[in-house]
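For reference, work.cif (mmCIF, C-alpha atoms):
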data_target
#
loop_
_atom_site.group_PDB
_atom_site.id
_atom_site.type_symbol
_atom_site.label_atom_id
_atom_site.label_comp_id
_atom_site.auth_asym_id
_atom_site.auth_seq_id
_atom_site.Cartn_x
_atom_site.Cartn_y
_atom_site.Cartn_z
ATOM 1 C CA MET F 59 89.851 -152.912 -106.196
ATOM 2 C CA LEU F 60 87.971 -149.800 -105.054
ATOM 3 C CA ASN F 61 84.180 -150.038 -104.851
ATOM 4 C CA THR F 62 83.189 -147.543 -107.508
ATOM 5 C CA LYS F 63 79.409 -148.052 -107.484
ATOM 6 C CA HIS F 64 78.768 -144.470 -106.363
ATOM 7 C CA LEU F 65 81.036 -143.161 -109.132
ATOM 8 C CA GLU F 66 79.357 -145.361 -111.720
ATOM 9 C CA ASP F 67 75.934 -144.105 -110.625
ATOM 10 C CA LEU F 68 77.153 -140.523 -110.909
ATOM 11 C CA THR F 69 78.593 -141.235 -114.364
ATOM 12 C CA THR F 70 75.260 -142.611 -115.560
ATOM 13 C CA GLN F 71 73.454 -139.538 -114.264
ATOM 14 C CA VAL F 72 76.005 -137.253 -115.916
ATOM 15 C CA ARG F 73 75.330 -138.991 -119.235
ATOM 16 C CA ARG F 74 71.635 -138.290 -118.827
ATOM 17 C CA ASP F 75 72.438 -134.648 -118.119
ATOM 18 C CA ILE F 76 74.570 -134.407 -121.272
ATOM 19 C CA LEU F 77 71.905 -135.900 -123.504
ATOM 20 C CA ARG F 78 69.121 -133.737 -122.116
ATOM 21 C CA MET F 79 71.176 -130.537 -122.231
ATOM 22 C CA VAL F 80 72.132 -130.790 -125.898
ATOM 23 C CA HIS F 81 68.707 -132.115 -126.915
ATOM 24 C CA LYS F 82 66.835 -129.192 -125.380
ATOM 25 C CA VAL F 83 68.685 -126.563 -127.449
ATOM 26 C CA ASN F 84 69.423 -128.854 -130.424
ATOM 27 C CA SER F 85 73.045 -127.811 -130.098
ATOM 28 C CA GLY F 86 76.251 -128.941 -128.433
ATOM 29 C CA HIS F 87 78.855 -131.691 -128.449
ATOM 30 C CA PRO F 88 77.597 -134.941 -126.902
ATOM 31 C CA GLY F 89 80.154 -137.398 -128.355
ATOM 32 C CA GLY F 90 83.303 -136.246 -126.581
ATOM 33 C CA SER F 91 81.332 -135.323 -123.472
ATOM 34 C CA LEU F 92 79.968 -138.861 -123.125
ATOM 35 C CA GLY F 93 83.415 -140.310 -123.775
ATOM 36 C CA CYS F 94 84.970 -138.307 -120.931
ATOM 37 C CA ALA F 95 82.236 -138.808 -118.339
ATOM 38 C CA GLU F 96 84.186 -141.366 -116.296
ATOM 39 C CA PHE F 97 87.277 -139.174 -116.337
ATOM 40 C CA PHE F 98 85.492 -136.052 -115.072
ATOM 41 C CA VAL F 99 83.612 -137.964 -112.386
ATOM 42 C CA SER F 100 86.830 -139.602 -111.183
ATOM 43 C CA LEU F 101 88.764 -136.332 -111.299
ATOM 44 C CA TYR F 102 86.303 -134.306 -109.243
ATOM 45 C CA SER F 103 85.171 -137.085 -106.899
ATOM 46 C CA GLU F 104 88.438 -138.846 -106.063
ATOM 47 C CA ILE F 105 91.559 -137.469 -107.728
ATOM 48 C CA MET F 106 91.779 -133.726 -107.162
ATOM 49 C CA ASP F 107 92.332 -132.080 -103.802
ATOM 50 C CA ARG F 108 89.840 -129.238 -104.086
ATOM 51 C CA LYS F 109 88.180 -126.822 -101.709
ATOM 52 C CA LYS F 110 84.456 -126.731 -101.099
ATOM 53 C CA ASP F 111 84.244 -122.988 -101.715
ATOM 54 C CA PHE F 112 85.413 -121.833 -105.149
ATOM 55 C CA ASN F 113 87.728 -118.907 -105.715
ATOM 56 C CA MET F 114 89.656 -117.938 -108.822
ATOM 57 C CA ASP F 115 93.043 -117.942 -107.075
ATOM 58 C CA GLY F 116 92.955 -121.664 -106.360
ATOM 59 C CA ILE F 117 95.645 -121.365 -103.694
ATOM 60 C CA GLU F 118 96.356 -124.540 -101.695
ATOM 61 C CA GLU F 119 94.193 -126.739 -103.900
ATOM 62 C CA ASP F 120 94.571 -128.640 -107.166
ATOM 63 C CA LEU F 121 93.478 -126.857 -110.339
ATOM 64 C CA PHE F 122 91.872 -128.144 -113.527
ATOM 65 C CA PHE F 123 91.810 -126.486 -116.942
ATOM 66 C CA LEU F 124 89.612 -127.720 -119.790
ATOM 67 C CA SER F 125 91.290 -126.928 -123.100
ATOM 68 C CA ASN F 126 88.873 -128.661 -125.495
ATOM 69 C CA GLY F 127 86.024 -126.557 -124.191
ATOM 70 C CA HIS F 128 83.383 -127.794 -126.622
ATOM 71 C CA ILE F 129 82.824 -130.768 -124.293
ATOM 72 C CA SER F 130 81.314 -128.294 -121.847
ATOM 73 C CA PRO F 131 78.200 -130.442 -121.207
ATOM 74 C CA VAL F 132 80.175 -133.010 -119.216
ATOM 75 C CA PHE F 133 82.146 -130.260 -117.470
ATOM 76 C CA TYR F 134 79.017 -128.371 -116.412
ATOM 77 C CA SER F 135 77.221 -131.520 -115.276
ATOM 78 C CA VAL F 136 80.101 -132.673 -113.083
ATOM 79 C CA LEU F 137 80.677 -129.184 -111.678
ATOM 80 C CA ALA F 138 77.012 -128.885 -110.749
ATOM 81 C CA ARG F 139 76.840 -132.344 -109.230
ATOM 82 C CA SER F 140 80.054 -131.619 -107.320
ATOM 83 C CA GLY F 141 78.374 -128.674 -105.630
ATOM 84 C CA TYR F 142 79.784 -125.693 -107.525
ATOM 85 C CA PHE F 143 76.379 -124.367 -108.604
ATOM 86 C CA PRO F 144 72.748 -125.588 -108.509
ATOM 87 C CA VAL F 145 72.065 -128.675 -110.607
ATOM 88 C CA ASP F 146 68.877 -127.176 -112.015
ATOM 89 C CA GLU F 147 70.977 -124.486 -113.716
ATOM 90 C CA LEU F 148 71.915 -127.170 -116.259
ATOM 91 C CA ASN F 149 68.482 -126.453 -117.719
ATOM 92 C CA THR F 150 69.867 -123.138 -119.036
ATOM 93 C CA PHE F 151 72.632 -124.678 -121.179
ATOM 94 C CA ARG F 152 73.435 -122.536 -124.254
ATOM 95 C CA LEU F 153 70.568 -120.108 -123.677
ATOM 96 C CA ILE F 154 71.401 -116.521 -124.583
ATOM 97 C CA ASP F 155 71.479 -115.184 -121.008
ATOM 98 C CA SER F 156 72.950 -118.309 -119.392
ATOM 99 C CA ARG F 157 76.227 -118.717 -117.532
ATOM 100 C CA LEU F 158 76.500 -122.106 -119.255
ATOM 101 C CA GLN F 159 77.579 -121.191 -122.768
ATOM 102 C CA GLY F 160 78.698 -123.635 -125.464
ATOM 103 C CA HIS F 161 82.311 -123.001 -124.486
ATOM 104 C CA PRO F 162 83.025 -122.133 -120.850
ATOM 105 C CA THR F 163 83.414 -118.421 -120.171
ATOM 106 C CA THR F 164 84.665 -116.493 -117.160
ATOM 107 C CA HIS F 165 82.919 -113.117 -117.443
ATOM 108 C CA GLU F 166 79.745 -114.410 -115.760
ATOM 109 C CA GLY F 167 81.674 -115.861 -112.836
ATOM 110 C CA LEU F 168 80.505 -119.464 -113.087
ATOM 111 C CA PRO F 169 82.028 -121.325 -110.105
ATOM 112 C CA GLY F 170 84.504 -123.992 -111.183
ATOM 113 C CA VAL F 171 85.541 -122.282 -114.425
ATOM 114 C CA ARG F 172 88.936 -120.574 -114.411
ATOM 115 C CA ILE F 173 89.537 -120.044 -118.136
ATOM 116 C CA ALA F 174 87.382 -119.338 -121.148
ATOM 117 C CA SER F 175 87.928 -121.566 -124.151
ATOM 118 C CA GLY F 176 87.073 -120.793 -127.741
ATOM 119 C CA SER F 177 89.888 -121.501 -130.145
ATOM 120 C CA LEU F 178 91.443 -124.845 -129.316
ATOM 121 C CA GLY F 179 95.071 -125.396 -128.394
ATOM 122 C CA GLN F 180 95.440 -122.733 -125.712
ATOM 123 C CA GLY F 181 94.716 -124.610 -122.506
ATOM 124 C CA MET F 182 98.166 -126.141 -122.279
ATOM 125 C CA SER F 183 99.782 -122.710 -122.054
ATOM 126 C CA VAL F 184 97.385 -121.606 -119.322
ATOM 127 C CA ALA F 185 97.912 -124.796 -117.311
ATOM 128 C CA ILE F 186 101.686 -124.408 -117.506
ATOM 129 C CA GLY F 187 101.458 -120.820 -116.305
ATOM 130 C CA ALA F 188 99.275 -121.840 -113.378
ATOM 131 C CA ALA F 189 101.662 -124.662 -112.478
ATOM 132 C CA GLN F 190 104.618 -122.281 -112.507
ATOM 133 C CA ALA F 191 102.685 -119.821 -110.344
ATOM 134 C CA LYS F 192 102.099 -122.566 -107.790
ATOM 135 C CA LYS F 193 105.826 -123.257 -107.673
ATOM 136 C CA LEU F 194 106.609 -119.566 -107.215
ATOM 137 C CA ASN F 195 104.069 -119.349 -104.396
ATOM 138 C CA GLY F 196 105.382 -122.457 -102.641
ATOM 139 C CA ASP F 197 102.062 -124.222 -103.233
ATOM 140 C CA LYS F 198 102.618 -127.996 -103.422
ATOM 141 C CA HIS F 199 99.320 -128.730 -105.136
ATOM 142 C CA LEU F 200 99.013 -129.938 -108.719
ATOM 143 C CA VAL F 201 97.575 -128.627 -111.962
ATOM 144 C CA TYR F 202 95.524 -130.916 -114.212
ATOM 145 C CA SER F 203 94.436 -130.237 -117.790
ATOM 146 C CA LEU F 204 92.488 -132.052 -120.489
ATOM 147 C CA HIS F 205 93.039 -131.846 -124.248
ATOM 148 C CA GLY F 206 91.534 -133.529 -127.299
ATOM 149 C CA ASP F 207 93.709 -135.615 -129.583
ATOM 150 C CA GLY F 208 92.531 -133.638 -132.614
ATOM 151 C CA GLU F 209 93.366 -130.470 -130.695
ATOM 152 C CA LEU F 210 97.039 -131.467 -130.798
ATOM 153 C CA GLN F 211 97.030 -130.738 -134.528
ATOM 154 C CA GLU F 212 97.345 -127.078 -133.553
ATOM 155 C CA GLY F 213 100.827 -125.668 -133.158
ATOM 156 C CA GLN F 214 100.676 -123.622 -129.961
ATOM 157 C CA ASN F 215 100.407 -126.891 -128.038
ATOM 158 C CA TRP F 216 103.873 -127.930 -129.129
ATOM 159 C CA GLU F 217 105.475 -124.639 -128.179
ATOM 160 C CA ALA F 218 103.938 -125.061 -124.735
ATOM 161 C CA ILE F 219 104.904 -128.737 -124.514
ATOM 162 C CA MET F 220 108.506 -127.863 -125.353
ATOM 163 C CA TYR F 221 108.510 -125.042 -122.800
ATOM 164 C CA ALA F 222 107.081 -127.207 -119.992
ATOM 165 C CA SER F 223 109.877 -129.737 -120.181
ATOM 166 C CA ALA F 224 112.579 -127.094 -120.591
ATOM 167 C CA LYS F 225 111.371 -125.337 -117.432
ATOM 168 C CA LYS F 226 110.827 -128.604 -115.520
ATOM 169 C CA VAL F 227 107.145 -127.969 -114.839
ATOM 170 C CA ASP F 228 106.788 -131.194 -112.887
ATOM 171 C CA ASN F 229 103.605 -130.297 -111.008
ATOM 172 C CA LEU F 230 101.514 -130.565 -114.190
ATOM 173 C CA ILE F 231 99.472 -133.594 -115.310
ATOM 174 C CA SER F 232 98.041 -133.101 -118.797
ATOM 175 C CA THR F 233 95.602 -135.730 -120.044
ATOM 176 C CA ILE F 234 94.978 -136.317 -123.749
ATOM 177 C CA ASP F 235 91.573 -137.734 -124.680
ATOM 178 C CA LEU F 236 92.520 -140.307 -127.314
ATOM 179 C CA ASN F 237 89.225 -141.186 -128.987
ATOM 180 C CA GLY F 238 90.588 -140.975 -132.525
ATOM 181 C CA GLN F 239 87.692 -138.796 -133.711
ATOM 182 C CA GLN F 240 87.188 -135.145 -134.562
ATOM 183 C CA ILE F 241 84.368 -133.210 -136.158
ATOM 184 C CA ASP F 242 85.358 -133.994 -139.782
ATOM 185 C CA GLY F 243 86.221 -137.673 -139.308
ATOM 186 C CA SER F 244 88.893 -139.795 -137.709
ATOM 187 C CA THR F 245 92.044 -137.979 -136.614
ATOM 188 C CA ASP F 246 94.076 -140.279 -138.864
ATOM 189 C CA ASP F 247 92.010 -139.276 -141.891
ATOM 190 C CA VAL F 248 91.959 -135.539 -141.142
ATOM 191 C CA LEU F 249 95.594 -135.001 -140.152
ATOM 192 C CA PRO F 250 97.609 -138.013 -138.944
ATOM 193 C CA MET F 251 99.834 -137.254 -135.964
ATOM 194 C CA GLY F 252 101.834 -140.450 -135.781
ATOM 195 C CA SER F 253 102.838 -141.507 -132.289
ATOM 196 C CA ILE F 254 101.567 -138.970 -129.762
ATOM 197 C CA LYS F 255 103.380 -140.918 -127.068
ATOM 198 C CA GLY F 256 106.616 -140.727 -129.017
ATOM 199 C CA LYS F 257 106.196 -137.001 -129.571
ATOM 200 C CA PHE F 258 105.654 -136.194 -125.893
ATOM 201 C CA GLU F 259 108.573 -138.385 -124.898
ATOM 202 C CA ALA F 260 110.765 -136.677 -127.483
ATOM 203 C CA PHE F 261 109.766 -133.350 -125.952
ATOM 204 C CA GLY F 262 110.964 -134.550 -122.536
ATOM 205 C CA TRP F 263 107.699 -135.513 -120.830
ATOM 206 C CA THR F 264 106.932 -138.592 -118.737
ATOM 207 C CA VAL F 265 104.148 -140.411 -120.590
ATOM 208 C CA LEU F 266 101.650 -142.854 -119.075
ATOM 209 C CA GLU F 267 98.816 -144.665 -120.825
ATOM 210 C CA ILE F 268 95.357 -145.618 -119.570
ATOM 211 C CA GLU F 269 94.148 -148.244 -122.018
ATOM 212 C CA GLU F 270 90.622 -148.423 -120.577
ATOM 213 C CA GLY F 271 89.720 -144.755 -120.445
ATOM 214 C CA ASN F 272 86.060 -145.518 -119.763
ATOM 215 C CA ASN F 273 86.820 -147.751 -116.786
ATOM 216 C CA ILE F 274 86.750 -145.874 -113.489
ATOM 217 C CA ASN F 275 89.123 -148.226 -111.664
ATOM 218 C CA ALA F 276 91.607 -147.981 -114.543
ATOM 219 C CA ILE F 277 91.382 -144.184 -114.457
ATOM 220 C CA LEU F 278 91.913 -144.020 -110.694
ATOM 221 C CA LYS F 279 94.892 -146.366 -110.897
ATOM 222 C CA GLY F 280 96.447 -144.572 -113.849
ATOM 223 C CA MET F 281 96.022 -141.095 -112.401
ATOM 224 C CA ALA F 282 97.433 -142.226 -109.050
ATOM 225 C CA GLU F 283 100.510 -143.415 -110.912
ATOM 226 C CA ALA F 284 100.695 -140.077 -112.725
ATOM 227 C CA LYS F 285 100.546 -138.234 -109.420
ATOM 228 C CA SER F 286 103.370 -140.414 -108.079
ATOM 229 C CA LYS F 287 105.575 -139.282 -110.974
ATOM 230 C CA THR F 288 105.235 -135.566 -110.217
ATOM 231 C CA GLY F 289 108.089 -133.653 -108.602
ATOM 232 C CA GLN F 290 110.716 -135.538 -110.601
ATOM 233 C CA GLY F 291 111.738 -132.793 -113.016
ATOM 234 C CA LYS F 292 109.372 -133.644 -115.872
ATOM 235 C CA PRO F 293 105.763 -132.740 -116.749
ATOM 236 C CA ILE F 294 103.387 -135.704 -116.955
ATOM 237 C CA CYS F 295 101.268 -136.671 -119.962
ATOM 238 C CA VAL F 296 98.462 -139.218 -119.572
ATOM 239 C CA LEU F 297 97.121 -140.778 -122.760
ATOM 240 C CA LEU F 298 93.501 -141.656 -121.975
ATOM 241 C CA LYS F 299 92.028 -144.024 -124.560
ATOM 242 C CA THR F 300 88.295 -143.400 -124.615
ATOM 243 C CA VAL F 301 85.343 -144.192 -126.870
ATOM 244 C CA MET F 302 83.520 -141.183 -128.286
ATOM 245 C CA GLY F 303 79.833 -141.387 -127.393
ATOM 246 C CA ASN F 304 80.447 -144.023 -124.732
ATOM 247 C CA GLY F 305 77.315 -145.277 -123.007
ATOM 248 C CA VAL F 306 74.933 -144.630 -125.912
ATOM 249 C CA ASP F 307 75.305 -147.441 -128.425
ATOM 250 C CA PHE F 308 74.444 -145.568 -131.624
ATOM 251 C CA MET F 309 76.810 -142.693 -130.755
ATOM 252 C CA MET F 310 79.881 -144.847 -130.097
ATOM 253 C CA HIS F 311 82.964 -145.194 -132.319
ATOM 254 C CA THR F 312 81.943 -142.472 -134.771
ATOM 255 C CA HIS F 313 82.597 -138.781 -135.322
ATOM 256 C CA ALA F 314 78.970 -138.287 -136.385
ATOM 257 C CA TRP F 315 77.961 -137.225 -132.865
ATOM 258 C CA HIS F 316 80.901 -134.936 -132.213
ATOM 259 C CA GLY F 317 78.744 -131.838 -132.602
ATOM 260 C CA LYS F 318 75.213 -133.096 -133.243
ATOM 261 C CA ALA F 319 72.270 -133.196 -130.849
ATOM 262 C CA PRO F 320 69.860 -136.165 -130.639
ATOM 263 C CA ASN F 321 66.247 -135.794 -131.730
ATOM 264 C CA ASP F 322 63.327 -136.840 -129.518
ATOM 265 C CA GLU F 323 63.476 -140.510 -130.493
ATOM 266 C CA GLN F 324 67.251 -140.685 -130.149
ATOM 267 C CA LEU F 325 67.104 -138.969 -126.772
ATOM 268 C CA ALA F 326 64.622 -141.551 -125.532
ATOM 269 C CA ILE F 327 66.913 -144.382 -126.630
ATOM 270 C CA GLY F 328 69.945 -142.777 -124.977
ATOM 271 C CA LEU F 329 68.093 -142.213 -121.721
ATOM 272 C CA GLU F 330 66.802 -145.778 -121.729
ATOM 273 C CA GLN F 331 70.420 -146.982 -121.870
ATOM 274 C CA ASN F 332 71.382 -144.769 -118.895
ATOM 275 C CA ALA F 333 69.020 -145.221 -115.977
ATOM 276 C CA GLU F 334 68.227 -142.265 -113.728
ATOM 277 C CA THR F 335 70.357 -142.835 -110.622
ATOM 278 C CA LEU F 336 70.640 -139.553 -108.691
ATOM 279 C CA GLY F 337 67.653 -137.608 -110.004
ATOM 280 C CA ASP F 338 67.299 -135.585 -113.201
ATOM 281 C CA TYR F 339 67.507 -131.821 -112.967
#
Serialized structure, structure tokens:
Amino acid sequence: MLNTKHLEDLTTQVRRDILRMVHKVNSGHPGGSLGCAEFFVSLYSEIMDRKKDFNMDGIEEDLFFLSNGHISPVFYSVLARSGYFPVDELNTFRLIDSRLQGHPTTHEGLPGVRIASGSLGQGMSVAIGAAQAKKLNGDKHLVYSLHGDGELQEGQNWEAIMYASAKKVDNLISTIDLNGQQIDGSTDDVLPMGSIKGKFEAFGWTVLEIEEGNNINAILKGMAEAKSKTGQGKPICVLLKTVMGNGVDFMMHTHAWHGKAPNDEQLAIGLEQNAETLGDY
């Protein structure tokens, strides 16, 4: 088993970043961000083959597209702590003149961000297009994307999912964050989707499951398996079973913190549960 202490320390620090960012402006989406912290840390630290210097073309490196862009706090934290921009810029989250808006944008040229996201359900189409472009350019690198389970209630996803299998986009690994929660309640209460695994398989995708989506070793193992399945004529779907609000006990297993910032007392509790490991911004 890989020694993941450095990744665990980074994950803890990322959680602190998330809590402090949304608390400062009393706005943002901490629940899903906390739940995906291990995934983002693993993706940018160990999984993706990425260049040190960012450019929008992304030629000869792996690409990542965030479709459920409201979990921008975790995205920004990991990008900053991966060297894309100064960590202290996290202090500007959601301010009017900041590059770090509530949903990622591209017009300010924030390194690490290749698509803007507002309305959900569009990232799959972009990721497929980028994957096809890599094939056309003879680039053997992969395209990764992340989507919320509630996001799959929107129809454009399924047009894209159908297209990807029909066109054999087998250099794409799309991960679905299965936390079972969305802003109005549980996904089963809001709009049940039945078997997401069965749906992707019916649409011609190879589907893998990571049962412990907040366990770094499980993520690394599962994503390595996903990578091994590329190039075989089918796009890859990874079902990542996470806990919304993971790492902060009162935020876990509930939709209540999907889009709600902690107050001063709640922030203090959350920070106490996630020790400062790499230095706060």
For His199 in chain F, which residue out of F:Met106, F:Leu60, F:Ile274, F:Met220 is the nearest one, using only C-alpha atoms?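 With only C-alpha atoms as the atom set, the closest residue is F:Met106.
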Could you give me, as a PyMOL selection string, the residues that have an atom at most 7 Å away from the point (92.6, -129.9, -102.0) in the coordinates of the file, using all atoms listed in the file? chain F and resi 106-109+118-120
Counting only C-alpha atoms, which residues in range 165-206 of chain F sit no more than 12 Å from range 134-157 of chain F? For each one, give the nearest pair of atoms and the distance in Å, sorted by chain then residue number, as a Markdown table.
| residue | atom | partner | partner_atom | distance |
| --- | --- | --- | --- | --- |
| F:His165 | CA | F:Arg157 | CA | 8.7 |
| F:Glu166 | CA | F:Arg157 | CA | 5.8 |
| F:Gly167 | CA | F:Arg157 | CA | 7.7 |
| F:Leu168 | CA | F:Arg157 | CA | 6.2 |
| F:Pro169 | CA | F:Tyr142 | CA | 5.5 |
| F:Gly170 | CA | F:Tyr142 | CA | 6.2 |
| F:Val171 | CA | F:Leu137 | CA | 8.9 |
| F:Ala174 | CA | F:Arg157 | CA | 11.7 |
What are the closest atom pairs, with distances in Å to one decimal, for each residue of range 111-219 of chain F lying within 12 Å of range 298-305 of chain F, using all atoms listed in the file, rows by chain and rising residue number, as JSON lines?
{"residue": "F:Ile129", "atom": "CA", "partner": "F:Met302", "partner_atom": "CA", "distance": 11.2}
{"residue": "F:Val132", "atom": "CA", "partner": "F:Gly303", "partner_atom": "CA", "distance": 11.7}
{"residue": "F:Leu204", "atom": "CA", "partner": "F:Leu298", "partner_atom": "CA", "distance": 9.8}
{"residue": "F:His205", "atom": "CA", "partner": "F:Leu298", "partner_atom": "CA", "distance": 10.1}
{"residue": "F:Gly206", "atom": "CA", "partner": "F:Leu298", "partner_atom": "CA", "distance": 9.9}
{"residue": "F:Asp207", "atom": "CA", "partner": "F:Leu298", "partner_atom": "CA", "distance": 9.7}
Write out as a list of chain:residue names which residues come within 8 Å of Asp322 in chain F when counting all atoms listed in the file, dropping same-chain ones fewer than 3 positions away. F:His81, F:Leu325, F:Ala326
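Among the candidate residues F:Ile231, F:Leu178, F:Leu249, F:Val80, the one lying nearest to Val265 in chain F is F:Ile231, with distances computed using all atoms listed in the file.
Among the candidate residues F:Leu297, F:Ile234, F:Ala95, F:Leu329, the one lying nearest to Ser125 in chain F is F:Ile234, with distances computed using all atoms listed in the file.
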Cut-off 10 Å around (71.9, -138.1, -131.2) with all atoms listed in the file: residues as a ChimeraX atom specification: /F:77,80-81,84,87-89,303,306,308-309,314-328
For the residues in that selection, give me C-alpha atoms as a CSV table (one decimal), keeping the file's coordinate frame.
chain,number,residue,atom,x,y,z
F,77,LEU,CA,71.9,-135.9,-123.5
F,80,VAL,CA,72.1,-130.8,-125.9
F,81,HIS,CA,68.7,-132.1,-126.9
F,84,ASN,CA,69.4,-128.9,-130.4
F,87,HIS,CA,78.9,-131.7,-128.4
F,88,PRO,CA,77.6,-134.9,-126.9
F,89,GLY,CA,80.2,-137.4,-128.4
F,303,GLY,CA,79.8,-141.4,-127.4
F,306,VAL,CA,74.9,-144.6,-125.9
F,308,PHE,CA,74.4,-145.6,-131.6
F,309,MET,CA,76.8,-142.7,-130.8
F,314,ALA,CA,79.0,-138.3,-136.4
F,315,TRP,CA,78.0,-137.2,-132.9
F,316,HIS,CA,80.9,-134.9,-132.2
F,317,GLY,CA,78.7,-131.8,-132.6
F,318,LYS,CA,75.2,-133.1,-133.2
F,319,ALA,CA,72.3,-133.2,-130.8
F,320,PRO,CA,69.9,-136.2,-130.6
F,321,ASN,CA,66.2,-135.8,-131.7
F,322,ASP,CA,63.3,-136.8,-129.5
F,323,GLU,CA,63.5,-140.5,-130.5
F,324,GLN,CA,67.3,-140.7,-130.1
F,325,LEU,CA,67.1,-139.0,-126.8
F,326,ALA,CA,64.6,-141.6,-125.5
F,327,ILE,CA,66.9,-144.4,-126.6
F,328,GLY,CA,69.9,-142.8,-125.0
Given the file shown, enumerate the residues that the PyMOL selection byres ((chain F and resi 224) around 12) captures and present them as number ranges by chain. F: 186, 217-223, 225-228, 260-263, 291-293
Return the single residue from F:Gly238, F:Gly90, F:Gly116, F:Gly256 that is closest to Pro131 in chain F, with distances computed using only C-alpha atoms.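 That would be F:Gly90, the residue with the smallest distance to Pro131 in chain F.
For the pair CA of Lys192 in chain F and CA of Leu121 in chain F, the interatomic distance is 10.0 Å.
Matched in the shown structure by the PyMOL selection byres ((chain F and resi 202) around 10): F:Leu101, F:Met106, F:Asp120, F:Leu121, F:Phe122, F:Phe123, F:Leu124, F:Met182, F:Ala185, F:Ile186, F:Ala188, F:Ala189, F:Leu200, F:Val201, F:Ser203, F:Leu204, F:Asn229, F:Leu230, F:Ile231, F:Ser232, F:Thr233, F:Ile294, F:Cys295.
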Suppose you want the space between CA of Val296 in chain F and CA of Asp115 in chain F; what is it in Å?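 Computing it gives 25.3 Å between the two atoms.
Candidate residues F:Asn61, F:Gln239, F:Ser130, F:Ser177 were compared for distance to Gln159 in chain F, and the nearest is F:Ser130, using all atoms listed in the file.
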What does the distance between CA of Phe112 in chain F and CA of Gln290 in chain F come to in Å, to one decimal place? 29.3 Å
Between F:Ile105, F:Met310, F:Ala191, F:Met251, which residue has the minimum interatomic distance to Ser91 in chain F, considering only C-alpha atoms?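 Residue with the minimum atom-to-atom distance to Ser91 in chain F: F:Met310.
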Determine the residue membership of the PyMOL selection byres ((chain F and resi 69) around 9) for the file above and supply it as a list in words.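 Matching residues under the PyMOL selection byres ((chain F and resi 69) around 9) are His64, Leu65, Glu66, Asp67, Leu68, Thr70, Gln71, Val72, Arg73, Arg74, Ala95, Glu96, Phe98, Val99, Ser100 and Val136 of chain F.
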Put those residues in a file: C-alpha atoms, as a PDB file, in the frame of the given file.
ATOM      1  CA  HIS F  64      78.768-144.470-106.363  1.00  0.00           C
ATOM      2  CA  LEU F  65      81.036-143.161-109.132  1.00  0.00           C
ATOM      3  CA  GLU F  66      79.357-145.361-111.720  1.00  0.00           C
ATOM      4  CA  ASP F  67      75.934-144.105-110.625  1.00  0.00           C
ATOM      5  CA  LEU F  68      77.153-140.523-110.909  1.00  0.00           C
ATOM      6  CA  THR F  70      75.260-142.611-115.560  1.00  0.00           C
ATOM      7  CA  GLN F  71      73.454-139.538-114.264  1.00  0.00           C
ATOM      8  CA  VAL F  72      76.005-137.253-115.916  1.00  0.00           C
ATOM      9  CA  ARG F  73      75.330-138.991-119.235  1.00  0.00           C
ATOM     10  CA  ARG F  74      71.635-138.290-118.827  1.00  0.00           C
ATOM     11  CA  ALA F  95      82.236-138.808-118.339  1.00  0.00           C
ATOM     12  CA  GLU F  96      84.186-141.366-116.296  1.00  0.00           C
ATOM     13  CA  PHE F  98      85.492-136.052-115.072  1.00  0.00           C
ATOM     14  CA  VAL F  99      83.612-137.964-112.386  1.00  0.00           C
ATOM     15  CA  SER F 100      86.830-139.602-111.183  1.00  0.00           C
ATOM     16  CA  VAL F 136      80.101-132.673-113.083  1.00  0.00           C
TER      17      VAL F 136
END
Find the smallest box with edges along x, y and z containing every listed atom of range 127-146 of chain F, then add 4 Å on each side and report centre and edge lengths in Å to one decimal, as AutoDock Vina command-line options.
--center_x 77.5 --center_y -128.7 --center_z -116.1 --size_x 25.1 --size_y 16.6 --size_z 29.0
